[in-house]
Structures are given as structure tokens and as C-alpha cells.
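input-v7.cif follows (mmCIF, C-alpha atoms):
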data_start
#
loop_
_atom_site.group_PDB
_atom_site.id
_atom_site.type_symbol
_atom_site.label_atom_id
_atom_site.label_comp_id
_atom_site.auth_asym_id
_atom_site.auth_seq_id
_atom_site.Cartn_x
_atom_site.Cartn_y
_atom_site.Cartn_z
ATOM 1 C CA MET A 1 -29.477 -28.385 -57.546
ATOM 2 C CA ALA A 2 -27.625 -25.217 -56.674
ATOM 3 C CA THR A 3 -25.932 -22.374 -58.477
ATOM 4 C CA THR A 4 -22.819 -21.430 -56.559
ATOM 5 C CA ALA A 5 -22.005 -18.157 -58.278
ATOM 6 C CA GLN A 6 -22.561 -16.045 -61.316
ATOM 7 C CA GLU A 7 -19.528 -14.297 -62.741
ATOM 8 C CA VAL A 8 -19.454 -11.617 -65.397
ATOM 9 C CA TYR A 9 -16.645 -10.627 -67.705
ATOM 10 C CA PRO A 10 -15.427 -7.070 -67.045
ATOM 11 C CA ASP A 11 -16.026 -6.000 -70.655
ATOM 12 C CA LYS A 12 -19.402 -4.362 -71.156
ATOM 13 C CA GLU A 13 -21.646 -5.068 -74.093
ATOM 14 C CA PRO A 14 -20.923 -3.015 -77.235
ATOM 15 C CA SER A 15 -22.205 0.546 -76.932
ATOM 16 C CA THR A 16 -24.154 0.294 -80.207
ATOM 17 C CA SER A 17 -27.837 -0.171 -79.424
ATOM 18 C CA THR A 18 -29.569 -3.095 -81.107
ATOM 19 C CA SER A 19 -33.076 -2.536 -79.733
ATOM 20 C CA ASP A 20 -34.343 -0.701 -82.831
ATOM 21 C CA LYS A 21 -32.900 -3.372 -85.093
ATOM 22 C CA LYS A 22 -34.560 -6.141 -83.063
ATOM 23 C CA GLU A 23 -37.928 -4.343 -83.223
ATOM 24 C CA ASP A 24 -37.642 -3.974 -87.002
ATOM 25 C CA GLU A 25 -36.739 -7.651 -87.350
ATOM 26 C CA GLN A 26 -39.741 -8.707 -85.305
ATOM 27 C CA LYS A 27 -42.061 -6.644 -87.551
ATOM 28 C CA GLN A 28 -40.858 -8.505 -90.640
ATOM 29 C CA PRO A 29 -42.786 -11.623 -91.722
ATOM 30 C CA PRO A 30 -41.065 -14.922 -90.830
ATOM 31 C CA ASP A 31 -38.556 -16.189 -93.377
ATOM 32 C CA GLN A 32 -39.740 -19.735 -93.921
ATOM 33 C CA SER A 33 -36.647 -20.549 -95.994
ATOM 34 C CA ASP A 34 -34.660 -20.472 -92.738
ATOM 35 C CA ILE A 35 -36.682 -23.322 -91.258
ATOM 36 C CA ALA A 36 -35.463 -26.743 -92.377
ATOM 37 C CA SER A 37 -37.843 -29.672 -92.772
ATOM 38 C CA GLU A 38 -35.734 -31.786 -90.426
ATOM 39 C CA PRO A 39 -34.074 -30.749 -87.131
ATOM 40 C CA TRP A 40 -30.303 -30.274 -87.174
ATOM 41 C CA HIS A 41 -30.155 -31.763 -83.678
ATOM 42 C CA GLU A 42 -32.290 -34.549 -82.270
ATOM 43 C CA LEU A 43 -33.513 -33.778 -78.770
ATOM 44 C CA ASP A 44 -34.012 -36.675 -76.399
ATOM 45 C CA VAL A 45 -37.655 -35.740 -76.065
ATOM 46 C CA SER A 46 -40.148 -38.439 -76.977
ATOM 47 C CA GLU A 47 -42.961 -35.967 -77.604
ATOM 48 C CA TRP A 48 -42.907 -32.178 -77.965
ATOM 49 C CA ASN A 49 -46.115 -31.688 -75.983
ATOM 50 C CA GLU A 50 -47.497 -31.698 -72.450
ATOM 51 C CA LYS A 51 -46.707 -35.398 -72.038
ATOM 52 C CA GLY A 52 -43.083 -34.907 -73.064
ATOM 53 C CA MET A 53 -42.808 -31.929 -70.729
ATOM 54 C CA GLU A 54 -44.140 -33.951 -67.790
ATOM 55 C CA ARG A 55 -41.544 -36.657 -68.450
ATOM 56 C CA LEU A 56 -38.701 -34.124 -68.359
ATOM 57 C CA LEU A 57 -40.132 -32.450 -65.252
ATOM 58 C CA LYS A 58 -40.312 -35.820 -63.494
ATOM 59 C CA GLU A 59 -36.665 -36.477 -64.349
ATOM 60 C CA VAL A 60 -35.552 -33.116 -62.955
ATOM 61 C CA GLU A 61 -37.674 -33.287 -59.796
ATOM 62 C CA GLY A 62 -36.472 -36.831 -59.070
ATOM 63 C CA TYR A 63 -32.822 -36.025 -59.705
ATOM 64 C CA THR A 64 -30.207 -37.106 -57.172
ATOM 65 C CA PRO A 65 -26.461 -36.700 -57.922
ATOM 66 C CA ILE A 66 -25.025 -39.964 -59.367
ATOM 67 C CA LYS A 67 -27.949 -41.880 -57.859
ATOM 68 C CA GLN A 68 -27.159 -44.989 -59.874
ATOM 69 C CA ASN A 69 -23.770 -45.286 -58.144
ATOM 70 C CA ASP A 70 -25.257 -45.695 -54.650
ATOM 71 C CA ILE A 71 -23.515 -42.592 -53.297
ATOM 72 C CA PRO A 72 -25.274 -41.482 -50.068
ATOM 73 C CA SER A 73 -27.412 -38.409 -50.846
ATOM 74 C CA GLU A 74 -26.143 -36.587 -47.763
ATOM 75 C CA LYS A 75 -22.596 -36.810 -49.131
ATOM 76 C CA ILE A 76 -23.442 -34.739 -52.215
ATOM 77 C CA PRO A 77 -26.941 -33.288 -51.716
ATOM 78 C CA ASN A 78 -26.739 -30.900 -54.673
ATOM 79 C CA VAL A 79 -24.726 -30.231 -57.790
ATOM 80 C CA ASN A 80 -23.170 -26.809 -58.247
ATOM 81 C CA PHE A 81 -23.257 -24.803 -61.481
ATOM 82 C CA LEU A 82 -21.148 -21.763 -62.244
ATOM 83 C CA LEU A 83 -22.765 -19.366 -64.718
ATOM 84 C CA MET A 84 -20.356 -17.116 -66.586
ATOM 85 C CA GLY A 85 -21.282 -14.415 -69.040
ATOM 86 C CA ARG A 86 -21.110 -10.769 -69.967
ATOM 87 C CA ILE A 87 -23.451 -8.122 -68.608
ATOM 88 C CA SER A 88 -27.029 -8.614 -69.888
ATOM 89 C CA SER A 89 -26.154 -11.942 -71.503
ATOM 90 C CA GLY A 90 -29.107 -13.616 -69.774
ATOM 91 C CA LYS A 91 -27.680 -15.232 -66.618
ATOM 92 C CA SER A 92 -30.356 -13.937 -64.238
ATOM 93 C CA SER A 93 -33.101 -14.514 -66.804
ATOM 94 C CA PHE A 94 -32.020 -18.146 -67.143
ATOM 95 C CA VAL A 95 -32.203 -18.621 -63.371
ATOM 96 C CA ASN A 96 -35.669 -17.047 -63.354
ATOM 97 C CA THR A 97 -36.773 -19.194 -66.293
ATOM 98 C CA VAL A 98 -35.730 -22.410 -64.551
ATOM 99 C CA ASP A 99 -37.415 -21.269 -61.330
ATOM 100 C CA SER A 100 -40.579 -20.323 -63.230
ATOM 101 C CA VAL A 101 -40.773 -23.690 -64.961
ATOM 102 C CA LEU A 102 -40.300 -25.605 -61.714
ATOM 103 C CA LYS A 103 -42.843 -23.448 -59.859
ATOM 104 C CA GLY A 104 -45.342 -23.302 -62.694
ATOM 105 C CA ARG A 105 -45.551 -19.519 -62.502
ATOM 106 C CA LEU A 106 -43.470 -16.487 -63.399
ATOM 107 C CA SER A 107 -40.598 -15.995 -60.967
ATOM 108 C CA ILE A 108 -38.315 -13.009 -60.336
ATOM 109 C CA ARG A 109 -36.087 -14.784 -57.856
ATOM 110 C CA SER A 110 -32.975 -13.325 -59.473
ATOM 111 C CA ARG A 111 -32.898 -9.680 -60.496
ATOM 112 C CA ALA A 112 -32.693 -9.400 -64.272
ATOM 113 C CA GLY A 113 -32.614 -6.662 -66.886
ATOM 114 C CA CYS A 114 -30.352 -4.403 -68.911
ATOM 115 C CA SER A 115 -27.815 -2.365 -66.980
ATOM 116 C CA GLY A 116 -24.356 -0.919 -67.359
ATOM 117 C CA SER A 117 -23.232 -3.104 -64.467
ATOM 118 C CA SER A 118 -24.031 -6.639 -63.451
ATOM 119 C CA LEU A 119 -27.392 -7.217 -61.756
ATOM 120 C CA THR A 120 -26.221 -10.508 -60.292
ATOM 121 C CA LYS A 121 -23.342 -11.648 -58.120
ATOM 122 C CA SER A 122 -19.904 -10.826 -59.499
ATOM 123 C CA PHE A 123 -16.350 -11.165 -58.280
ATOM 124 C CA ASN A 124 -14.579 -7.993 -57.179
ATOM 125 C CA GLN A 125 -11.452 -7.801 -59.302
ATOM 126 C CA SER A 126 -9.871 -5.180 -57.035
ATOM 127 C CA THR A 127 -9.948 -7.626 -54.122
ATOM 128 C CA PRO A 128 -9.526 -11.096 -55.646
ATOM 129 C CA ILE A 129 -9.982 -14.234 -53.586
ATOM 130 C CA THR A 130 -6.683 -15.543 -52.246
ATOM 131 C CA LYS A 131 -5.666 -18.450 -50.056
ATOM 132 C CA ASP A 132 -5.401 -16.013 -47.150
ATOM 133 C CA CYS A 133 -9.122 -15.160 -47.238
ATOM 134 C CA ILE A 134 -11.047 -16.389 -44.210
ATOM 135 C CA LYS A 135 -13.632 -18.317 -46.257
ATOM 136 C CA PHE A 136 -11.101 -19.744 -48.715
ATOM 137 C CA ARG A 137 -11.075 -23.541 -48.671
ATOM 138 C CA LYS A 138 -7.693 -24.937 -49.561
ATOM 139 C CA ASP A 139 -9.022 -28.460 -49.961
ATOM 140 C CA PRO A 140 -12.782 -28.322 -50.691
ATOM 141 C CA ASN A 141 -14.684 -31.562 -50.521
ATOM 142 C CA MET A 142 -16.567 -32.798 -53.565
ATOM 143 C CA ALA A 143 -19.886 -31.283 -52.476
ATOM 144 C CA ASP A 144 -18.362 -27.793 -52.370
ATOM 145 C CA ARG A 145 -16.750 -27.836 -55.805
ATOM 146 C CA VAL A 146 -18.111 -26.541 -59.102
ATOM 147 C CA HIS A 147 -19.476 -29.530 -61.003
ATOM 148 C CA CYS A 148 -20.309 -27.861 -64.307
ATOM 149 C CA VAL A 149 -19.672 -24.460 -65.910
ATOM 150 C CA LEU A 150 -22.259 -22.804 -68.128
ATOM 151 C CA PHE A 151 -21.036 -20.054 -70.440
ATOM 152 C CA VAL A 152 -23.990 -17.732 -71.053
ATOM 153 C CA ILE A 153 -23.754 -16.141 -74.503
ATOM 154 C CA ASP A 154 -26.188 -13.594 -75.964
ATOM 155 C CA GLY A 155 -27.235 -15.227 -79.229
ATOM 156 C CA SER A 156 -28.713 -12.007 -80.596
ATOM 157 C CA ILE A 157 -25.215 -10.541 -81.009
ATOM 158 C CA PRO A 158 -22.712 -11.955 -83.536
ATOM 159 C CA PRO A 159 -19.863 -13.887 -81.835
ATOM 160 C CA GLU A 160 -17.246 -11.665 -83.470
ATOM 161 C CA ILE A 161 -18.709 -8.734 -81.498
ATOM 162 C CA THR A 162 -19.389 -10.606 -78.265
ATOM 163 C CA MET A 163 -15.999 -12.321 -78.206
ATOM 164 C CA SER A 164 -13.563 -9.425 -78.084
ATOM 165 C CA GLN A 165 -9.868 -10.311 -77.860
ATOM 166 C CA ASN A 166 -9.805 -9.449 -74.159
ATOM 167 C CA VAL A 167 -12.885 -11.563 -73.383
ATOM 168 C CA GLU A 168 -11.609 -14.477 -75.468
ATOM 169 C CA LYS A 169 -8.253 -14.336 -73.665
ATOM 170 C CA GLN A 170 -9.975 -14.458 -70.266
ATOM 171 C CA ILE A 171 -12.142 -17.377 -71.320
ATOM 172 C CA LYS A 172 -9.202 -19.367 -72.662
ATOM 173 C CA GLU A 173 -7.260 -18.852 -69.431
ATOM 174 C CA PHE A 174 -10.260 -19.960 -67.397
ATOM 175 C CA GLN A 175 -10.859 -22.942 -69.664
ATOM 176 C CA GLU A 176 -7.279 -24.106 -69.165
ATOM 177 C CA MET A 177 -7.929 -24.215 -65.433
ATOM 178 C CA MET A 178 -11.260 -26.022 -65.892
ATOM 179 C CA ASN A 179 -9.667 -28.561 -68.201
ATOM 180 C CA ARG A 180 -6.989 -29.309 -65.610
ATOM 181 C CA LYS A 181 -9.732 -29.873 -63.040
ATOM 182 C CA LYS A 182 -11.797 -31.889 -65.535
ATOM 183 C CA ILE A 183 -14.842 -29.640 -65.080
ATOM 184 C CA PRO A 184 -17.365 -30.026 -67.943
ATOM 185 C CA GLN A 185 -18.353 -26.922 -69.911
ATOM 186 C CA LEU A 186 -21.609 -26.123 -71.673
ATOM 187 C CA ILE A 187 -22.799 -23.048 -73.555
ATOM 188 C CA LEU A 188 -26.222 -21.456 -73.050
ATOM 189 C CA LEU A 189 -27.067 -19.546 -76.217
ATOM 190 C CA THR A 190 -29.739 -17.158 -74.961
ATOM 191 C CA LYS A 191 -32.279 -14.830 -76.618
ATOM 192 C CA MET A 192 -32.611 -17.057 -79.668
ATOM 193 C CA ASP A 193 -36.380 -16.512 -79.764
ATOM 194 C CA ILE A 194 -35.972 -12.929 -81.006
ATOM 195 C CA LEU A 195 -34.843 -14.170 -84.418
ATOM 196 C CA SER A 196 -37.391 -13.171 -87.054
ATOM 197 C CA THR A 197 -37.705 -16.787 -88.161
ATOM 198 C CA ILE A 198 -38.557 -17.982 -84.649
ATOM 199 C CA LYS A 199 -41.035 -15.292 -83.609
ATOM 200 C CA GLY A 200 -41.361 -16.808 -80.145
ATOM 201 C CA ASP A 201 -42.088 -20.322 -81.495
ATOM 202 C CA VAL A 202 -39.474 -22.241 -79.527
ATOM 203 C CA SER A 203 -40.218 -25.498 -81.324
ATOM 204 C CA LYS A 204 -38.580 -24.019 -84.446
ATOM 205 C CA LEU A 205 -35.210 -23.520 -82.733
ATOM 206 C CA ILE A 206 -33.797 -26.912 -83.657
ATOM 207 C CA ARG A 207 -34.873 -26.482 -87.301
ATOM 208 C CA SER A 208 -33.640 -22.923 -87.781
ATOM 209 C CA LYS A 209 -30.619 -22.648 -90.070
ATOM 210 C CA SER A 210 -29.712 -19.328 -88.411
ATOM 211 C CA VAL A 211 -29.648 -20.942 -84.964
ATOM 212 C CA GLN A 212 -27.547 -23.814 -86.324
ATOM 213 C CA GLU A 213 -25.064 -21.360 -87.846
ATOM 214 C CA MET A 214 -24.841 -19.340 -84.622
ATOM 215 C CA ARG A 215 -24.403 -22.573 -82.651
ATOM 216 C CA GLU A 216 -21.438 -23.623 -84.762
ATOM 217 C CA LYS A 217 -19.806 -20.181 -84.634
ATOM 218 C CA VAL A 218 -20.086 -19.930 -80.852
ATOM 219 C CA ALA A 219 -18.812 -23.479 -80.363
ATOM 220 C CA MET A 220 -15.799 -22.733 -82.544
ATOM 221 C CA SER A 221 -15.038 -19.466 -80.735
ATOM 222 C CA LEU A 222 -14.936 -21.290 -77.387
ATOM 223 C CA GLY A 223 -13.191 -24.369 -78.728
ATOM 224 C CA LEU A 224 -16.025 -26.689 -77.690
ATOM 225 C CA PRO A 225 -18.032 -29.259 -79.688
ATOM 226 C CA PRO A 226 -21.315 -27.965 -81.191
ATOM 227 C CA TYR A 227 -23.319 -30.454 -79.102
ATOM 228 C CA THR A 228 -22.325 -28.528 -75.958
ATOM 229 C CA VAL A 229 -24.290 -25.490 -77.174
ATOM 230 C CA LEU A 230 -27.821 -25.268 -75.750
ATOM 231 C CA PRO A 231 -30.110 -22.740 -77.515
ATOM 232 C CA MET A 232 -32.359 -21.018 -75.009
ATOM 233 C CA GLN A 233 -35.295 -18.648 -74.721
ATOM 234 C CA ASN A 234 -35.447 -16.818 -71.419
ATOM 235 C CA ILE A 235 -38.575 -15.868 -69.538
ATOM 236 C CA ALA A 236 -37.654 -12.174 -69.853
ATOM 237 C CA ASN A 237 -38.901 -12.255 -73.434
ATOM 238 C CA SER A 238 -42.204 -13.921 -72.577
ATOM 239 C CA ARG A 239 -45.152 -13.162 -70.307
ATOM 240 C CA THR A 240 -46.147 -16.772 -69.815
ATOM 241 C CA VAL A 241 -44.462 -20.128 -69.329
ATOM 242 C CA SER A 242 -45.552 -22.019 -72.432
ATOM 243 C CA THR A 243 -45.265 -25.781 -72.828
ATOM 244 C CA ASP A 244 -42.620 -25.280 -75.539
ATOM 245 C CA LEU A 245 -40.535 -23.093 -73.224
ATOM 246 C CA LYS A 246 -40.904 -25.603 -70.400
ATOM 247 C CA ILE A 247 -39.673 -28.418 -72.639
ATOM 248 C CA LEU A 248 -36.666 -26.443 -73.887
ATOM 249 C CA THR A 249 -35.714 -25.276 -70.377
ATOM 250 C CA LEU A 250 -36.084 -28.702 -68.795
ATOM 251 C CA TYR A 251 -34.159 -30.356 -71.630
ATOM 252 C CA ASN A 252 -31.246 -27.924 -71.237
ATOM 253 C CA LEU A 253 -31.329 -28.342 -67.481
ATOM 254 C CA CYS A 254 -31.188 -32.127 -67.877
ATOM 255 C CA GLN A 255 -28.095 -31.783 -70.083
ATOM 256 C CA ALA A 256 -26.417 -29.712 -67.363
ATOM 257 C CA LEU A 257 -27.346 -32.290 -64.716
ATOM 258 C CA HIS A 258 -25.965 -35.089 -66.879
ATOM 259 C CA ALA A 259 -22.698 -33.166 -67.324
ATOM 260 C CA ALA A 260 -22.441 -32.666 -63.556
ATOM 261 C CA ASP A 261 -23.010 -36.392 -63.041
ATOM 262 C CA ASP A 262 -20.251 -37.169 -65.546
ATOM 263 C CA TYR A 263 -17.881 -35.001 -63.516
ATOM 264 C CA LEU A 264 -18.828 -36.714 -60.245
ATOM 265 C CA GLU A 265 -18.462 -40.168 -61.778
ATOM 266 C CA ASN A 266 -14.904 -39.296 -62.805
ATOM 267 C CA PHE A 267 -14.135 -38.711 -59.129
ATOM 268 C CA GLU A 268 -16.148 -41.599 -57.708
ATOM 269 C CA ASP A 269 -13.053 -43.183 -56.132
ATOM 270 C CA GLU A 270 -12.296 -39.924 -54.332
ATOM 271 C CA ILE A 271 -15.891 -39.659 -53.113
ATOM 272 C CA MET A 272 -15.874 -43.221 -51.786
ATOM 273 C CA ALA A 273 -12.498 -42.592 -50.103
ATOM 274 C CA ASP A 274 -14.012 -39.561 -48.326
ATOM 275 C CA ILE A 275 -16.957 -41.680 -47.200
ATOM 276 C CA TYR A 276 -14.619 -44.378 -45.875
ATOM 277 C CA LYS A 277 -12.443 -41.771 -44.160
ATOM 278 C CA GLY A 278 -15.483 -40.192 -42.507
ATOM 279 C CA ALA A 279 -16.680 -43.572 -41.300
ATOM 280 C CA GLN A 280 -13.249 -44.321 -39.831
ATOM 281 C CA VAL A 281 -13.183 -41.011 -37.959
ATOM 282 C CA LYS A 282 -16.678 -41.655 -36.583
ATOM 283 C CA SER A 283 -15.663 -45.180 -35.527
ATOM 284 C CA ASN A 284 -12.607 -43.874 -33.672
ATOM 285 C CA ARG A 285 -14.715 -41.316 -31.844
ATOM 286 C CA ASP A 286 -17.158 -43.990 -30.744
#
What's the C-alpha cells form of this structure?
Amino acid sequence: MATTAQEVYPDKEPSTSTSDKKEDEQKQPPDQSDIASEPWHELDVSEWNEKGMERLLKEVEGYTPIKQNDIPSEKIPNVNFLLMGRISSGKSSFVNTVDSVLKGRLSIRSRAGCSGSSLTKSFNQSTPITKDCIKFRKDPNMADRVHCVLFVIDGSIPPEITMSQNVEKQIKEFQEMMNRKKIPQLILLTKMDILSTIKGDVSKLIRSKSVQEMREKVAMSLGLPPYTVLPMQNIANSRTVSTDLKILTLYNLCQALHAADDYLENFEDEIMADIYKGAQVKSNRD
């Protein structure tokens, strides 16, 4: 697996501070009326415990792009994800969370935190990439393309605030390009654990009516089906990697891997043609 880039929207987060409000919310007792008796979304997790976590971890660690299609692993050794989100939306924290889960310890591989500017890689708008750039690839092979896009949305902020008209316009323009290229899109809804009804108990996410409502609002704002929204707790809001957090992270990662595989399967004929072409070139050289 590989993350090719992390892009941020130029708009900064709203200037109004929400830290005091979040602290007050966390001091309030949990509102049990928000937690439904049945989950609003069934996760493909046989057991929400250590055994279920180990099964997901085994799936991730044994992942090979479109393995069932007998594509040589050296042809597409990794899948590439593009993370897009506003400043402090949780892009770096998600990378660190995934790394922490896979390593079994807290990781700070990607710099994370709150800042007025992006702490991760961003594209310089004053010098955009053009076809004349030295490293620009006019005809990238399948291994070099983006296989899945993850929109990273801060779930602690209402969508009507996060999705300003300028941001929404940029997203729609980008989505038009992704749709033409048939690139799958998912939404990471981060910081959901700070909800007063969750209180850090990740297992309640898929039963929280507030999370369900936020999921539907965000999906509608991006014009994507609700099932593409993946609620997430990032490691930045926790000191340890709990079993619940491992399960949620691995489940979301599996969904992204499945989406990347779907993209590659749509271009299987092109991949096989490249393999045949490469074999022909090698044969002619010999």
C-alpha cells in the first residue's frame, strides 16, 4: 500500500474556535438516547473483539492488488491513495493511526496537529503541475496512477460550515475529473469519537444516531452514496491503540483496498495488454 500525495483545500478552517465547546461536551454525561439498539450499518466484522481484529489484520497484511486475477505482483506492487482534505481535517492523523495499528505501537510517521497551514504535503497553487514539468508523466502506467481518492472530512464540524461554496466548487470540479477517469471515491469522517455520546467508545459509532445523521449529510454534500462514508477515530485523540480502534481502522482500510481493487479490475484488459507488450519488447531484445 502507498499514499501518493495528500492535498489540502486552500480554504482554512473557520476562525471560530470550537475547543471550548468540545471540552464542555465531553464533560456532559453521555446521552444514551442517541445510541440505537441496532447498528445503522452492518460491518463485515464477524466479532468485535481481539479475534475479529486479528482476522482484519491478516487480510490487510496479506493484501496483494487484484491477487485473484493472477496479475503479477511486480506489475502493480502497491495501490495508491490520494488523501484530500482541509487543514486539520485529520489526514496526517489517519496516516499515523494506520501506521500505529500495523506496528502495534503509537507512530508519528506523519506530522500531525493544528496549524494555520498544512502540516503535510500540499500542491503549490502558484506553480501548478503542467505537462512541461520534468517529472510530469504524460502516459503513466497503471502502477503510477491514483487508484482511490479519500476525502478527509472533520466530523466535529457541521458540513454547512466545512463545505463553503468555494470548497464545494473545487470538489465538484475534481470529482468530474475523477468520474471521467473512473477513480473510486470514499469519505473518511474523522474525529467522530469526540461526540458526547461516543466518549471514546468506538464500538458505539455504528449505533450513534448523530453519526448516522452526519454521515448522510456529508454524503449528500459530496454527491456520494452514504455507504462510501467511513466514520473514523484518529490516534491523535487517544494515547493507546485499543482493540476497538484497531478494528475500526482496519475495517476502513479494507474498504479502501477493496475500492482500489475495483478500479484495477475495471482496467484489467489494459494491465494485461501492458504485460503482453512488455513481454514482446523483452523477446525482441533477446
### Residue nearest Ile157 (chain A) - candidates A:Ala259, A:Leu56, A:Val211, A:Ile129, atoms counted: all atoms listed in the file
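Using all atoms listed in the file, the shortest distance to Ile157 (chain A) belongs to A:Val211.
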### Message
Quick check, in Å to one decimal: how far apart do CA of Val98 (chain A) and CA of Ser37 (chain A) lie?
### Response
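CA of Ser37 (chain A) lies at a distance of 29.2 Å from CA of Val98 (chain A).
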What's the 12 Å shell around Ile76 (chain A), counting only C-alpha atoms, without same-chain residues fewer than 3 positions away, as a CSV table (one decimal) with C-alpha atoms, in the coordinates of the input?
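Generated file (result07.csv):
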chain,number,residue,atom,x,y,z
A,1,MET,CA,-29.5,-28.4,-57.5
A,2,ALA,CA,-27.6,-25.2,-56.7
A,64,THR,CA,-30.2,-37.1,-57.2
A,65,PRO,CA,-26.5,-36.7,-57.9
A,66,ILE,CA,-25.0,-40.0,-59.4
A,67,LYS,CA,-27.9,-41.9,-57.9
A,70,ASP,CA,-25.3,-45.7,-54.6
A,71,ILE,CA,-23.5,-42.6,-53.3
A,72,PRO,CA,-25.3,-41.5,-50.1
A,73,SER,CA,-27.4,-38.4,-50.8
A,79,VAL,CA,-24.7,-30.2,-57.8
A,80,ASN,CA,-23.2,-26.8,-58.2
A,141,ASN,CA,-14.7,-31.6,-50.5
A,142,MET,CA,-16.6,-32.8,-53.6
A,143,ALA,CA,-19.9,-31.3,-52.5
A,144,ASP,CA,-18.4,-27.8,-52.4
A,145,ARG,CA,-16.8,-27.8,-55.8
A,146,VAL,CA,-18.1,-26.5,-59.1
A,147,HIS,CA,-19.5,-29.5,-61.0
A,260,ALA,CA,-22.4,-32.7,-63.6
A,261,ASP,CA,-23.0,-36.4,-63.0
A,264,LEU,CA,-18.8,-36.7,-60.2
A,268,GLU,CA,-16.1,-41.6,-57.7
A,271,ILE,CA,-15.9,-39.7,-53.1
A,272,MET,CA,-15.9,-43.2,-51.8
A,274,ASP,CA,-14.0,-39.6,-48.3
A,275,ILE,CA,-17.0,-41.7,-47.2
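Taking all atoms listed in the file into account, Leu186 (chain A) lies nearest to A:Leu150 out of the set A:Gly85, A:Glu168, A:Lys131, A:Leu150.
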### Query
Rounded to one decimal in Å, what is the spacing between CA of His41 (chain A) and CA of Ile206 (chain A)?
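If I compute the distance from CA of His41 (chain A) to CA of Ile206 (chain A), I get 6.1 Å.
For the pair CA of Tyr227 (chain A) and CA of Glu47 (chain A), the interatomic distance is 20.5 Å.
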#### Entry: Test item: the PyMOL selection byres ((chain A and resi 233) around 6) resolved as an MDAnalysis selection string
chainID A and resid 190:193 232 234
### Task
Write out as number ranges by chain each polymer residue whose atoms come within 12 Å of Leu205 (chain A), counting all atoms listed in the file; drop sequence neighbours fewer than 4 positions from it.
A: 34-36, 38-43, 189-201, 209-215, 230-233, 244-245, 248
### Query
Of the candidates A:Phe81, A:Leu222, A:Phe136, A:Lys51, which one gets nearest to Phe174 (chain A) if we count all atoms listed in the file?
A:Leu222
### Query
Using the chain letters and numbers from the file, which residues does the PyMOL selection byres ((chain A and resi 97) around 8) grab, as a count of residues only?
14
### Task
Can you pull out every residue within 12 Å of Gln185 (chain A), counting all atoms listed in the file, but drop anything in the same chain fewer than 6 positions away, and send it as a ChimeraX atom specification?
/A:81-84,146-152,171,174-179,219,222-230,255-260,262-263
### Query
With all atoms listed in the file as the atoms that count, which of A:Arg137, A:Lys181, A:Lys246, A:Lys277 lies nearest to Met53 (chain A)?
A:Lys246
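When all atoms listed in the file are used to measure the gap to Met163 (chain A), the shortest distance among A:Leu188, A:Met220, A:Val60, A:Ile247 belongs to A:Met220.
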### Task
Go through A:Val218, A:Val45, A:Val241, A:Leu253 one by one, measure the shortest atom-to-atom distance of each to Lys103 (chain A) using all atoms listed in the file, and give the residue with the smallest value.
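So, comparing all the options, the nearest one is A:Val241.
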Export region 176-188 of chain A from the structure block above, keeping N, CA and C atoms, as a PDB file, in the first residue's frame.
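Result saved to selection16.pdb:
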ATOM      1  N   GLU A 176     -15.537  15.632 -11.104  1.00  0.00           N
ATOM      2  CA  GLU A 176     -15.830  15.448 -12.524  1.00  0.00           C
ATOM      3  C   GLU A 176     -14.653  14.771 -13.222  1.00  0.00           C
ATOM      4  N   MET A 177     -13.443  15.198 -12.860  1.00  0.00           N
ATOM      5  CA  MET A 177     -12.253  14.597 -13.443  1.00  0.00           C
ATOM      6  C   MET A 177     -12.106  13.148 -12.990  1.00  0.00           C
ATOM      7  N   MET A 178     -12.338  12.892 -11.699  1.00  0.00           N
ATOM      8  CA  MET A 178     -12.221  11.524 -11.178  1.00  0.00           C
ATOM      9  C   MET A 178     -13.261  10.603 -11.800  1.00  0.00           C
ATOM     10  N   ASN A 179     -14.452  11.124 -12.004  1.00  0.00           N
ATOM     11  CA  ASN A 179     -15.502  10.313 -12.623  1.00  0.00           C
ATOM     12  C   ASN A 179     -15.139   9.939 -14.054  1.00  0.00           C
ATOM     13  N   ARG A 180     -14.536  10.884 -14.772  1.00  0.00           N
ATOM     14  CA  ARG A 180     -14.104  10.580 -16.147  1.00  0.00           C
ATOM     15  C   ARG A 180     -13.044   9.479 -16.152  1.00  0.00           C
ATOM     16  N   LYS A 181     -12.193   9.491 -15.127  1.00  0.00           N
ATOM     17  CA  LYS A 181     -11.118   8.502 -15.045  1.00  0.00           C
ATOM     18  C   LYS A 181     -11.542   7.244 -14.285  1.00  0.00           C
ATOM     19  N   LYS A 182     -12.799   7.230 -13.845  1.00  0.00           N
ATOM     20  CA  LYS A 182     -13.374   6.080 -13.147  1.00  0.00           C
ATOM     21  C   LYS A 182     -12.641   5.755 -11.848  1.00  0.00           C
ATOM     22  N   ILE A 183     -12.161   6.779 -11.155  1.00  0.00           N
ATOM     23  CA  ILE A 183     -11.456   6.590  -9.891  1.00  0.00           C
ATOM     24  C   ILE A 183     -12.474   6.562  -8.752  1.00  0.00           C
ATOM     25  N   PRO A 184     -12.504   5.513  -7.936  1.00  0.00           N
ATOM     26  CA  PRO A 184     -13.463   5.433  -6.835  1.00  0.00           C
ATOM     27  C   PRO A 184     -13.179   6.476  -5.760  1.00  0.00           C
ATOM     28  N   GLN A 185     -14.230   6.907  -5.070  1.00  0.00           N
ATOM     29  CA  GLN A 185     -14.118   7.941  -4.049  1.00  0.00           C
ATOM     30  C   GLN A 185     -14.774   7.475  -2.753  1.00  0.00           C
ATOM     31  N   LEU A 186     -14.054   7.653  -1.661  1.00  0.00           N
ATOM     32  CA  LEU A 186     -14.576   7.349  -0.335  1.00  0.00           C
ATOM     33  C   LEU A 186     -14.433   8.584   0.543  1.00  0.00           C
ATOM     34  N   ILE A 187     -15.150   8.596   1.650  1.00  0.00           N
ATOM     35  CA  ILE A 187     -15.102   9.727   2.577  1.00  0.00           C
ATOM     36  C   ILE A 187     -14.693   9.225   3.957  1.00  0.00           C
ATOM     37  N   LEU A 188     -13.616   9.778   4.505  1.00  0.00           N
ATOM     38  CA  LEU A 188     -13.213   9.479   5.874  1.00  0.00           C
ATOM     39  C   LEU A 188     -13.784  10.568   6.772  1.00  0.00           C
TER      40      LEU A 188
END
